[in-house]
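Enquirer: Just so it is clear, I am handing over structure-v9.cif, which has mmCIF, C-alpha atoms.
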data_target
loop_
_atom_site.label_atom_id
_atom_site.label_comp_id
_atom_site.auth_asym_id
_atom_site.auth_seq_id
_atom_site.Cartn_x
_atom_site.Cartn_y
_atom_site.Cartn_z
CA MET Y 300 2.26 6.17 -15.29
CA ALA Y 301 -0.17 8.57 -16.90
CA ALA Y 302 -0.37 12.32 -16.36
CA TYR Y 303 -3.83 13.70 -16.98
CA ILE Y 304 -4.10 17.46 -17.52
CA ARG Y 305 -7.26 19.51 -18.05
CA VAL Y 306 -7.84 23.26 -18.25
CA GLN Y 307 -11.55 23.99 -18.36
CA THR Y 308 -14.31 26.44 -17.51
CA GLU Y 309 -16.61 23.71 -16.16
CA ASP Y 310 -16.68 22.52 -12.57
CA PHE Y 311 -15.26 19.12 -11.60
CA ASN Y 312 -16.35 16.30 -9.30
CA ILE Y 313 -13.56 15.02 -7.03
CA SER Y 314 -15.28 11.71 -6.27
CA GLU Y 315 -15.73 10.94 -9.96
CA GLU Y 316 -12.13 11.87 -10.76
CA ILE Y 317 -10.79 9.60 -7.99
CA ALA Y 318 -13.11 6.75 -9.02
CA THR Y 319 -11.88 7.02 -12.62
CA LEU Y 320 -8.21 6.92 -11.58
CA ARG Y 321 -8.81 3.93 -9.29
CA ALA Y 322 -10.79 2.02 -11.91
CA ARG Y 323 -7.90 2.40 -14.36
CA ASN Y 324 -5.40 0.83 -11.96
CA PRO Y 325 -6.32 -1.82 -9.34
CA ARG Y 326 -2.82 -1.57 -7.83
CA VAL Y 327 -3.61 1.86 -6.38
CA GLY Y 328 -3.45 1.72 -2.59
CA ALA Y 329 -3.29 5.44 -1.82
CA VAL Y 330 -4.90 8.53 -3.32
CA ALA Y 331 -3.86 12.02 -2.19
CA SER Y 332 -5.84 14.98 -3.47
CA PHE Y 333 -5.83 18.74 -3.05
CA MET Y 334 -8.68 21.06 -4.00
CA GLY Y 335 -8.35 24.84 -3.98
CA CYS Y 336 -11.45 27.04 -3.99
CA VAL Y 337 -12.50 30.69 -4.12
CA ARG Y 338 -12.68 32.42 -0.73
CA ASP Y 339 -15.13 35.23 -0.13
CA MET Y 340 -12.35 37.31 1.52
CA ASN Y 341 -8.84 38.21 0.34
CA GLU Y 342 -6.45 40.77 1.83
CA GLY Y 343 -9.26 41.89 4.14
CA ASP Y 344 -11.71 42.68 1.32
CA SER Y 345 -14.90 40.94 0.35
CA VAL Y 346 -14.51 39.21 -3.04
CA LYS Y 347 -17.61 39.14 -5.23
CA LEU Y 348 -16.19 37.64 -8.40
CA MET Y 349 -12.92 36.21 -9.66
CA TYR Y 350 -11.63 35.88 -13.19
CA LEU Y 351 -8.93 33.35 -14.00
CA GLU Y 352 -6.79 33.95 -17.06
CA HIS Y 353 -4.12 31.62 -18.46
CA TYR Y 354 -1.67 31.35 -21.34
CA PRO Y 355 -2.98 28.54 -23.57
CA GLY Y 356 -0.21 26.30 -24.83
CA MET Y 357 2.29 27.19 -22.13
CA THR Y 358 -0.18 26.23 -19.39
CA GLU Y 359 -0.53 22.64 -20.64
CA ARG Y 360 3.22 22.39 -21.17
CA GLU Y 361 3.99 23.55 -17.61
CA LEU Y 362 1.39 21.23 -16.05
CA GLU Y 363 2.83 18.30 -17.99
CA ARG Y 364 6.34 19.23 -16.86
CA ILE Y 365 5.23 19.49 -13.21
CA SER Y 366 3.51 16.08 -13.45
CA ALA Y 367 6.60 14.50 -15.03
CA ASP Y 368 8.80 16.05 -12.32
CA ALA Y 369 6.62 14.51 -9.60
CA ALA Y 370 6.72 11.11 -11.31
CA SER Y 371 10.51 11.23 -11.48
CA ARG Y 372 10.83 12.04 -7.76
CA TRP Y 373 8.32 9.66 -6.21
CA SER Y 374 6.95 6.21 -6.76
CA ILE Y 375 3.50 7.14 -8.03
CA PHE Y 376 1.12 5.64 -10.57
CA ASP Y 377 -0.95 8.43 -12.06
CA THR Y 378 -1.48 12.15 -11.61
CA LEU Y 379 -4.36 14.43 -12.47
CA ILE Y 380 -4.39 18.22 -12.59
CA VAL Y 381 -7.64 20.05 -13.37
CA HIS Y 382 -7.57 23.85 -13.35
CA ARG Y 383 -10.57 26.01 -14.08
CA VAL Y 384 -10.39 29.31 -15.96
CA GLY Y 385 -12.86 32.12 -16.64
CA GLU Y 386 -15.38 33.57 -14.23
CA LEU Y 387 -15.57 32.06 -10.74
CA ARG Y 388 -17.43 33.01 -7.58
CA PRO Y 389 -16.89 32.46 -3.84
CA LEU Y 390 -17.31 28.75 -2.94
CA ASP Y 391 -16.43 27.67 -6.51
CA GLN Y 392 -13.73 25.04 -6.93
CA ILE Y 393 -10.62 26.30 -8.79
CA VAL Y 394 -8.04 23.55 -8.91
CA LEU Y 395 -7.73 19.82 -8.30
CA VAL Y 396 -4.47 17.88 -7.99
CA ILE Y 397 -4.44 14.12 -7.42
CA ALA Y 398 -1.59 11.60 -7.12
CA THR Y 399 -2.11 7.85 -6.81
CA SER Y 400 0.45 5.36 -5.53
CA ALA Y 401 0.78 2.06 -3.72
CA HIS Y 402 1.42 3.77 -0.36
CA ARG Y 403 0.48 7.10 1.18
CA GLY Y 404 3.93 8.69 1.57
CA ASP Y 405 4.59 9.05 -2.13
CA ALA Y 406 1.04 10.17 -2.92
CA PHE Y 407 1.07 12.88 -0.20
CA ALA Y 408 4.46 14.24 -1.22
CA ALA Y 409 3.80 14.19 -4.97
CA CYS Y 410 0.45 15.96 -4.50
CA GLU Y 411 1.94 18.74 -2.38
CA PHE Y 412 4.92 19.13 -4.70
CA MET Y 413 2.70 19.49 -7.77
CA MET Y 414 0.53 22.08 -6.04
CA ASP Y 415 3.54 24.10 -4.85
CA TYR Y 416 5.02 24.15 -8.35
CA LEU Y 417 1.70 24.91 -9.99
CA LYS Y 418 1.29 27.97 -7.73
CA THR Y 419 4.65 29.42 -8.76
CA GLN Y 420 5.19 28.24 -12.35
CA ALA Y 421 1.96 27.50 -14.20
CA PRO Y 422 0.81 30.61 -16.12
CA PHE Y 423 -2.50 31.41 -14.44
CA TRP Y 424 -3.52 34.82 -13.12
CA LYS Y 425 -6.40 35.81 -10.84
CA ARG Y 426 -8.27 39.08 -11.09
CA GLU Y 427 -10.79 39.71 -8.36
CA SER Y 428 -13.71 42.08 -8.03
CA THR Y 429 -14.23 43.70 -4.65
CA VAL Y 430 -16.47 46.56 -3.56
CA ASP Y 431 -13.57 48.91 -4.44
CA GLY Y 432 -13.30 47.63 -8.00
CA GLU Y 433 -11.17 45.11 -9.86
CA ARG Y 434 -7.59 44.17 -9.03
CA TRP Y 435 -5.02 41.58 -10.06
CA VAL Y 436 -4.01 39.27 -7.25
CA GLU Y 437 -0.35 39.75 -6.25
CA ALA Y 438 2.02 36.79 -6.09
CA ARG Y 439 2.99 35.74 -2.56
CA ALA Y 440 6.55 35.33 -1.33
CA SER Y 441 5.35 32.41 0.81
CA ASP Y 442 4.45 30.49 -2.37
CA ASP Y 443 8.00 30.89 -3.69
CA ILE Y 444 9.36 29.63 -0.38
CA ALA Y 445 6.99 26.65 -0.47
CA ALA Y 446 8.18 25.71 -3.97
CA LYS Y 447 11.87 26.25 -3.20
CA ARG Y 448 11.93 23.83 -0.27
CA TRP Y 449 11.50 20.94 -2.73
CA GLN Y 450 14.89 21.81 -4.20
CA SER Y 451 16.51 20.26 -1.12
CA ALA Y 452 14.88 16.95 -1.97
CA GLU Y 453 16.81 14.83 0.55
CA THR Y 454 14.76 16.10 3.47
CA GLN Y 455 11.49 15.68 1.61
CA THR Y 456 11.67 12.09 0.39
CA PRO Y 457 8.92 10.23 2.23
CA SER Y 458 9.22 6.76 3.66
CA HIS Y 459 7.44 4.09 1.70
CA ALA Y 460 5.43 2.99 4.70
CA GLY Y 461 1.73 3.17 4.34
CA MET K 32 11.98 27.26 -50.42
CA ALA K 33 11.20 27.40 -46.72
CA GLU K 34 9.17 30.28 -45.36
CA VAL K 35 11.42 33.07 -44.11
CA HIS K 36 10.35 34.74 -40.87
CA THR K 37 11.52 38.26 -40.27
CA SER K 38 9.36 38.94 -37.24
CA ILE K 39 8.38 37.62 -33.81
CA GLN K 40 5.05 37.35 -32.03
CA LEU K 41 4.79 39.33 -28.79
CA VAL K 42 2.21 38.22 -26.22
CA PHE K 43 1.29 40.26 -23.13
CA LEU K 44 -0.76 38.66 -20.39
CA ALA K 45 -2.89 39.57 -17.40
CA ARG K 46 -2.04 42.93 -15.79
CA LEU K 47 0.62 43.73 -18.40
CA ARG K 48 -1.87 43.18 -21.24
CA GLU K 49 -4.20 45.69 -19.60
CA ARG K 50 -1.43 48.20 -18.93
CA PHE K 51 -0.08 48.04 -22.49
CA GLY K 52 -3.51 47.84 -24.07
CA VAL K 53 -2.44 45.02 -26.38
CA ALA K 54 -2.68 41.23 -26.11
CA ARG K 55 -0.66 40.15 -29.12
CA GLU K 56 1.37 41.87 -31.82
CA THR K 57 3.83 41.10 -34.57
CA LEU K 58 7.20 42.81 -34.17
CA SER K 59 9.63 43.06 -37.08
CA LEU K 60 13.25 42.28 -36.31
CA ASP K 61 16.18 44.26 -37.68
CA SER K 62 18.36 41.15 -37.52
CA SER K 63 17.82 37.39 -37.47
CA GLU K 64 18.07 37.31 -33.68
CA ILE K 65 18.00 39.55 -30.62
CA SER K 66 18.68 38.87 -26.93
CA VAL K 67 15.78 39.06 -24.50
CA ALA K 68 17.61 41.90 -22.71
CA SER K 69 17.87 43.90 -25.95
CA LEU K 70 14.25 43.19 -26.82
CA LEU K 71 13.17 44.48 -23.40
CA ALA K 72 15.27 47.63 -23.87
CA LYS K 73 13.60 48.16 -27.24
CA LEU K 74 10.14 47.82 -25.66
CA ARG K 75 11.04 50.16 -22.77
CA SER K 76 11.88 52.89 -25.29
CA ARG K 77 8.30 52.85 -26.62
CA ASP K 78 6.68 54.98 -23.90
CA SER K 79 6.55 55.61 -20.16
CA VAL K 80 4.14 52.73 -19.47
CA PHE K 81 6.46 50.17 -21.10
CA ALA K 82 9.47 51.85 -19.46
CA ASP K 83 7.86 51.66 -16.03
CA GLU K 84 6.39 48.15 -16.21
CA LEU K 85 9.47 46.56 -17.79
CA ALA K 86 12.02 48.49 -15.71
CA GLU K 87 14.86 46.40 -14.32
CA GLY K 88 13.95 45.15 -10.88
CA ARG K 89 10.22 44.92 -11.65
CA ALA K 90 8.77 41.45 -11.19
CA TYR K 91 7.85 39.97 -14.56
CA ARG K 92 8.73 36.89 -16.56
CA VAL K 93 9.65 36.32 -20.20
CA ALA K 94 8.81 33.03 -21.94
CA VAL K 95 10.06 32.17 -25.41
CA ASN K 96 8.03 29.49 -27.18
CA HIS K 97 6.34 28.66 -23.83
CA THR K 98 9.55 28.27 -21.79
CA VAL K 99 10.66 30.87 -19.22
CA VAL K 100 14.09 32.29 -20.15
CA GLY K 101 16.64 34.79 -18.88
CA GLY K 102 17.92 38.02 -20.42
CA GLU K 103 20.78 36.36 -22.27
CA HIS K 104 18.47 34.07 -24.27
CA SER K 105 18.47 34.68 -28.02
CA VAL K 106 15.08 35.35 -29.59
CA ARG K 107 14.94 34.28 -33.22
CA ALA K 108 12.62 35.22 -36.05
CA GLY K 109 9.42 33.18 -35.80
CA ASP K 110 9.56 32.88 -32.00
CA GLU K 111 6.63 33.66 -29.70
CA VAL K 112 7.75 35.86 -26.82
CA ALA K 113 5.37 36.24 -23.88
CA ILE K 114 5.83 38.78 -21.09
CA PHE K 115 3.76 38.37 -17.96
CA PRO K 116 3.54 39.15 -14.21
CA PRO K 117 4.36 36.53 -11.55
CA VAL K 118 1.73 33.80 -11.72
CA THR K 119 -1.13 33.58 -9.21
CA GLY K 120 -3.09 30.43 -10.07
CA GLY K 121 -4.06 27.50 -7.89
#
Rewrite the structure from the file as structure tokens, please.
Expert:
Amino acid sequence: MAAYIRVQTEDFNISEEIATLRARNPRVGAVASFMGCVRDMNEGDSVKLMYLEHYPGMTERELERISADAASRWSIFDTLIVHRVGELRPLDQIVLVIATSAHRGDAFAACEFMMDYLKTQAPFWKRESTVDGERWVEARASDDIAAKRWQSAETQTPSHAG
Amino acid sequence: MAEVHTSIQLVFLARLRERFGVARETLSLDSSEISVASLLAKLRSRDSVFADELAEGRAYRVAVNHTVVGGEHSVRAGDEVAIFPPVTGG
């Protein structure tokens, strides 16, 4: 099990990242990935530009903890989290989360779990520029709810079919 | 003889950094340790912006040496204490 973490300003290529993970482990039978990107609308306003700030040091530590948590809950091989920081524009990719496993159930669950925890615990903040000026994006209660549901893990353990 | 710390590093992030007008500062401690709750009270007494943003009930987090902690946690000389709004990455 390896947990790959990257925080970077550069874009990423999902196909290349998946190919690299698969090449490192021929036992991989399932790859689940999530990519989040910048929308041109938020809260009803047109977004021209987004700036992503983070807390270096704590960010890497949290992403490693989230990856380790996922590995302890599901039967997965490797995980990858890539998060971009700095200036981003509509259509730009922001975040990539990948989990590989032998079967799909564990890969799907681990990927969603990592994303839910990243949204609520990893120290990143978005500031967006709209026609009305700049504003910090507010945290959503729905993200907290999404993360909390994993605390009742019994109902979320996937079957190993796949 | 080991280096003796008598201060902590304060880090403010995102919206709070902009509101306070400071990203990082060194704060001298009167004693070898202070609870997070006491530290917050000390910061609130600075001015109305600190008082308002760090008021009880406002949504913000405190991390000591990169781990989120509660008000009862003891901050010790040499620690890095970050205060930030709820996260919005992903």
Enquirer: Could you jot down the CA of Asn341 in chain Y to CA of Met413 in chain Y separation for me, Å, one decimal place?
Expert: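 Between CA of Asn341 in chain Y and CA of Met413 in chain Y the gap works out to 23.4 Å.
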Enquirer: Exactly which residues make up the result of the PyMOL selection byres ((chain Y) within 9 of (chain K)) on this file, given as a compact mmCIF listing (two decimals) with C-alpha atoms, in the coordinates of the input?
Expert:
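Contents of result.txt, as written:
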# COMPACT_ATOMS: atom_id res chain seq x y z
CA MET Y 334 -8.68 21.06 -4.00
CA GLY Y 335 -8.35 24.84 -3.98
CA CYS Y 336 -11.45 27.04 -3.99
CA LEU Y 351 -8.93 33.35 -14.00
CA GLU Y 352 -6.79 33.95 -17.06
CA HIS Y 353 -4.12 31.62 -18.46
CA TYR Y 354 -1.67 31.35 -21.34
CA GLY Y 356 -0.21 26.30 -24.83
CA MET Y 357 2.29 27.19 -22.13
CA THR Y 358 -0.18 26.23 -19.39
CA ARG Y 360 3.22 22.39 -21.17
CA GLU Y 361 3.99 23.55 -17.61
CA HIS Y 382 -7.57 23.85 -13.35
CA ILE Y 393 -10.62 26.30 -8.79
CA VAL Y 394 -8.04 23.55 -8.91
CA LEU Y 395 -7.73 19.82 -8.30
CA MET Y 414 0.53 22.08 -6.04
CA ASP Y 415 3.54 24.10 -4.85
CA LEU Y 417 1.70 24.91 -9.99
CA LYS Y 418 1.29 27.97 -7.73
CA THR Y 419 4.65 29.42 -8.76
CA GLN Y 420 5.19 28.24 -12.35
CA ALA Y 421 1.96 27.50 -14.20
CA PRO Y 422 0.81 30.61 -16.12
CA PHE Y 423 -2.50 31.41 -14.44
CA TRP Y 424 -3.52 34.82 -13.12
CA LYS Y 425 -6.40 35.81 -10.84
CA ARG Y 426 -8.27 39.08 -11.09
CA ARG Y 434 -7.59 44.17 -9.03
CA TRP Y 435 -5.02 41.58 -10.06
CA VAL Y 436 -4.01 39.27 -7.25
CA GLU Y 437 -0.35 39.75 -6.25
CA ALA Y 438 2.02 36.79 -6.09
CA ARG Y 439 2.99 35.74 -2.56
Enquirer: I'd like the neighbourhood of Phe81 in chain K as an MDAnalysis selection string, where a residue qualifies if any of its atoms comes within 9 Å (using only C-alpha atoms), though same-chain residues fewer than 5 positions away should be ignored.
Expert: chainID K and resid 50:51 74:76 86
Enquirer: Taking the file as shown, what set of residues would the PyMOL selection byres ((chain Y and resi 399) around 8) give back, as a PyMOL selection string?
Expert: chain Y and resi 320+327-331+375-378+397-398+400-401+406
Enquirer: Within 8 Å of (4.4, 14.1, -12.2) (coordinates as in the file), grab all the protein and nucleic acid residues, counting all atoms listed in the file, and write them out as a ChimeraX atom specification.
Expert: /Y:302,363-371,377-378,409,413
Enquirer: Between Y:Ile317, Y:Ala322, Y:Val337, Y:Val346, which is the closest to Val396 in chain Y once you count only C-alpha atoms?
Expert: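 Ranking Y:Ile317, Y:Ala322, Y:Val337, Y:Val346 by distance to Val396 in chain Y, first place goes to Y:Ile317.
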Enquirer: So which residues get picked by the PyMOL selection byres ((chain K and resi 39) around 9) here, written as a list in words?
Expert: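 Output from the PyMOL selection byres ((chain K and resi 39) around 9), applied to this file: His36, Thr37, Ser38, Gln40, Leu41, Glu56, Thr57, Leu58, Ser59, Leu60, Val106, Arg107, Ala108, Gly109, Asp110, Glu111 and Val112 of chain K.
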Enquirer: Rounded to one decimal, what separation in Å do you get between CA of Ser428 in chain Y and CA of Gly343 in chain Y?
Expert: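 Straight-line distance from CA of Ser428 in chain Y to CA of Gly343 in chain Y works out to 13.0 Å.
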Enquirer: Taking into account only C-alpha atoms, which residue in the set K:Val53, K:Leu70, K:Glu87, K:Ser79 is nearest to His104 in chain K?
Expert: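 Result for the nearest residue to His104 in chain K: K:Leu70.
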Enquirer: Distance CA of Ile444 in chain Y-CA of Arg92 in chain K, one decimal place?
Expert: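 Calculated distance between CA of Ile444 in chain Y and CA of Arg92 in chain K is 17.7 Å.
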Enquirer: My list of candidates is Y:Arg305, Y:Gly404, Y:Met349, Y:Trp373. Which is closest to Pro389 in chain Y when distances are computed with all atoms listed in the file?
Expert: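 Once distances to Pro389 in chain Y are computed over all atoms listed in the file, the minimum belongs to Y:Met349.
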Enquirer: Would you kindly return, as a PDB file with C-alpha atoms, in the coordinates of the input, each protein, DNA or RNA residue with an atom no farther than 12 Å from any atom of Glu309 in chain Y, considering all atoms listed in the file and excluding same-chain residues fewer than 5 positions away?
Expert:
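Dumped everything to out05.pdb:
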ATOM      1  CA  VAL Y 381      -7.640  20.050 -13.370  1.00  0.00           C
ATOM      2  CA  HIS Y 382      -7.570  23.850 -13.350  1.00  0.00           C
ATOM      3  CA  ARG Y 383     -10.570  26.010 -14.080  1.00  0.00           C
ATOM      4  CA  VAL Y 384     -10.390  29.310 -15.960  1.00  0.00           C
ATOM      5  CA  GLY Y 385     -12.860  32.120 -16.640  1.00  0.00           C
ATOM      6  CA  GLU Y 386     -15.380  33.570 -14.230  1.00  0.00           C
ATOM      7  CA  LEU Y 387     -15.570  32.060 -10.740  1.00  0.00           C
ATOM      8  CA  ASP Y 391     -16.430  27.670  -6.510  1.00  0.00           C
ATOM      9  CA  GLN Y 392     -13.730  25.040  -6.930  1.00  0.00           C
ATOM     10  CA  ILE Y 393     -10.620  26.300  -8.790  1.00  0.00           C
ATOM     11  CA  VAL Y 394      -8.040  23.550  -8.910  1.00  0.00           C
TER      12      VAL Y 394
END
Enquirer: Counting all atoms listed in the file, figure out which residue out of Y:Trp449, Y:Cys410, Y:Tyr350, Y:Phe311 gets nearest to Phe333 in chain Y.
Expert: Y:Cys410
Enquirer: Taking all atoms listed in the file into account, which of Y:Asp310, Y:Pro355, Y:Glu316, Y:Arg326 comes nearest His402 in chain Y?
Expert: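 Ranked by minimum distance to His402 in chain Y, first place goes to Y:Arg326.
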Enquirer: Could you rebuild range 39-57 of chain K with N, CA, C and O atoms and give it back as an mmCIF file, in the frame of the given file?
Expert:
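Output below, filename selection.cif:
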data_model
loop_
_atom_site.group_PDB
_atom_site.id
_atom_site.type_symbol
_atom_site.label_atom_id
_atom_site.label_comp_id
_atom_site.auth_asym_id
_atom_site.auth_seq_id
_atom_site.Cartn_x
_atom_site.Cartn_y
_atom_site.Cartn_z
ATOM 1 N N ILE K 39 8.744 38.462 -34.950
ATOM 2 C CA ILE K 39 8.380 37.620 -33.810
ATOM 3 C C ILE K 39 6.967 37.982 -33.371
ATOM 4 O O ILE K 39 6.466 39.060 -33.705
ATOM 5 N N GLN K 40 6.354 37.071 -32.626
ATOM 6 C CA GLN K 40 5.050 37.350 -32.030
ATOM 7 C C GLN K 40 5.273 37.755 -30.586
ATOM 8 O O GLN K 40 5.965 37.051 -29.845
ATOM 9 N N LEU K 41 4.702 38.894 -30.190
ATOM 10 C CA LEU K 41 4.790 39.330 -28.790
ATOM 11 C C LEU K 41 3.432 39.080 -28.149
ATOM 12 O O LEU K 41 2.395 39.384 -28.742
ATOM 13 N N VAL K 42 3.452 38.495 -26.953
ATOM 14 C CA VAL K 42 2.210 38.220 -26.220
ATOM 15 C C VAL K 42 2.317 38.867 -24.838
ATOM 16 O O VAL K 42 3.312 38.661 -24.138
ATOM 17 N N PHE K 43 1.327 39.659 -24.480
ATOM 18 C CA PHE K 43 1.290 40.260 -23.130
ATOM 19 C C PHE K 43 0.091 39.690 -22.402
ATOM 20 O O PHE K 43 -0.997 39.577 -22.973
ATOM 21 N N LEU K 44 0.299 39.345 -21.130
ATOM 22 C CA LEU K 44 -0.760 38.660 -20.390
ATOM 23 C C LEU K 44 -1.139 39.375 -19.099
ATOM 24 O O LEU K 44 -0.332 40.108 -18.518
ATOM 25 N N ALA K 45 -2.368 39.109 -18.681
ATOM 26 C CA ALA K 45 -2.890 39.570 -17.400
ATOM 27 C C ALA K 45 -2.720 41.090 -17.216
ATOM 28 O O ALA K 45 -3.082 41.858 -18.103
ATOM 29 N N ARG K 46 -2.132 41.497 -16.079
ATOM 30 C CA ARG K 46 -2.040 42.930 -15.790
ATOM 31 C C ARG K 46 -1.239 43.680 -16.854
ATOM 32 O O ARG K 46 -1.560 44.830 -17.193
ATOM 33 N N LEU K 47 -0.202 43.043 -17.397
ATOM 34 C CA LEU K 47 0.620 43.730 -18.400
ATOM 35 C C LEU K 47 -0.164 43.956 -19.695
ATOM 36 O O LEU K 47 0.002 44.981 -20.358
ATOM 37 N N ARG K 48 -1.031 43.006 -20.052
ATOM 38 C CA ARG K 48 -1.870 43.180 -21.240
ATOM 39 C C ARG K 48 -2.760 44.415 -21.072
ATOM 40 O O ARG K 48 -2.915 45.227 -21.983
ATOM 41 N N GLU K 49 -3.328 44.539 -19.852
ATOM 42 C CA GLU K 49 -4.200 45.690 -19.600
ATOM 43 C C GLU K 49 -3.425 47.002 -19.597
ATOM 44 O O GLU K 49 -3.893 47.998 -20.135
ATOM 45 N N ARG K 50 -2.236 46.972 -18.993
ATOM 46 C CA ARG K 50 -1.430 48.200 -18.930
ATOM 47 C C ARG K 50 -0.982 48.649 -20.318
ATOM 48 O O ARG K 50 -0.984 49.832 -20.634
ATOM 49 N N PHE K 51 -0.585 47.686 -21.159
ATOM 50 C CA PHE K 51 -0.080 48.040 -22.490
ATOM 51 C C PHE K 51 -1.206 48.211 -23.510
ATOM 52 O O PHE K 51 -0.993 48.748 -24.596
ATOM 53 N N GLY K 52 -2.384 47.711 -23.160
ATOM 54 C CA GLY K 52 -3.510 47.840 -24.070
ATOM 55 C C GLY K 52 -3.405 46.973 -25.310
ATOM 56 O O GLY K 52 -4.039 47.239 -26.328
ATOM 57 N N VAL K 53 -2.592 45.927 -25.238
ATOM 58 C CA VAL K 53 -2.440 45.020 -26.380
ATOM 59 C C VAL K 53 -2.199 43.602 -25.875
ATOM 60 O O VAL K 53 -1.483 43.403 -24.886
ATOM 61 N N ALA K 54 -2.827 42.631 -26.524
ATOM 62 C CA ALA K 54 -2.680 41.230 -26.110
ATOM 63 C C ALA K 54 -1.618 40.522 -26.944
ATOM 64 O O ALA K 54 -0.875 39.684 -26.441
ATOM 65 N N ARG K 55 -1.566 40.860 -28.220
ATOM 66 C CA ARG K 55 -0.660 40.150 -29.120
ATOM 67 C C ARG K 55 -0.296 41.066 -30.282
ATOM 68 O O ARG K 55 -1.146 41.788 -30.789
ATOM 69 N N GLU K 56 0.961 41.054 -30.671
ATOM 70 C CA GLU K 56 1.370 41.870 -31.820
ATOM 71 C C GLU K 56 2.534 41.211 -32.540
ATOM 72 O O GLU K 56 3.249 40.391 -31.977
ATOM 73 N N THR K 57 2.699 41.587 -33.784
ATOM 74 C CA THR K 57 3.830 41.100 -34.570
ATOM 75 C C THR K 57 4.887 42.198 -34.567
ATOM 76 O O THR K 57 4.574 43.354 -34.822
#
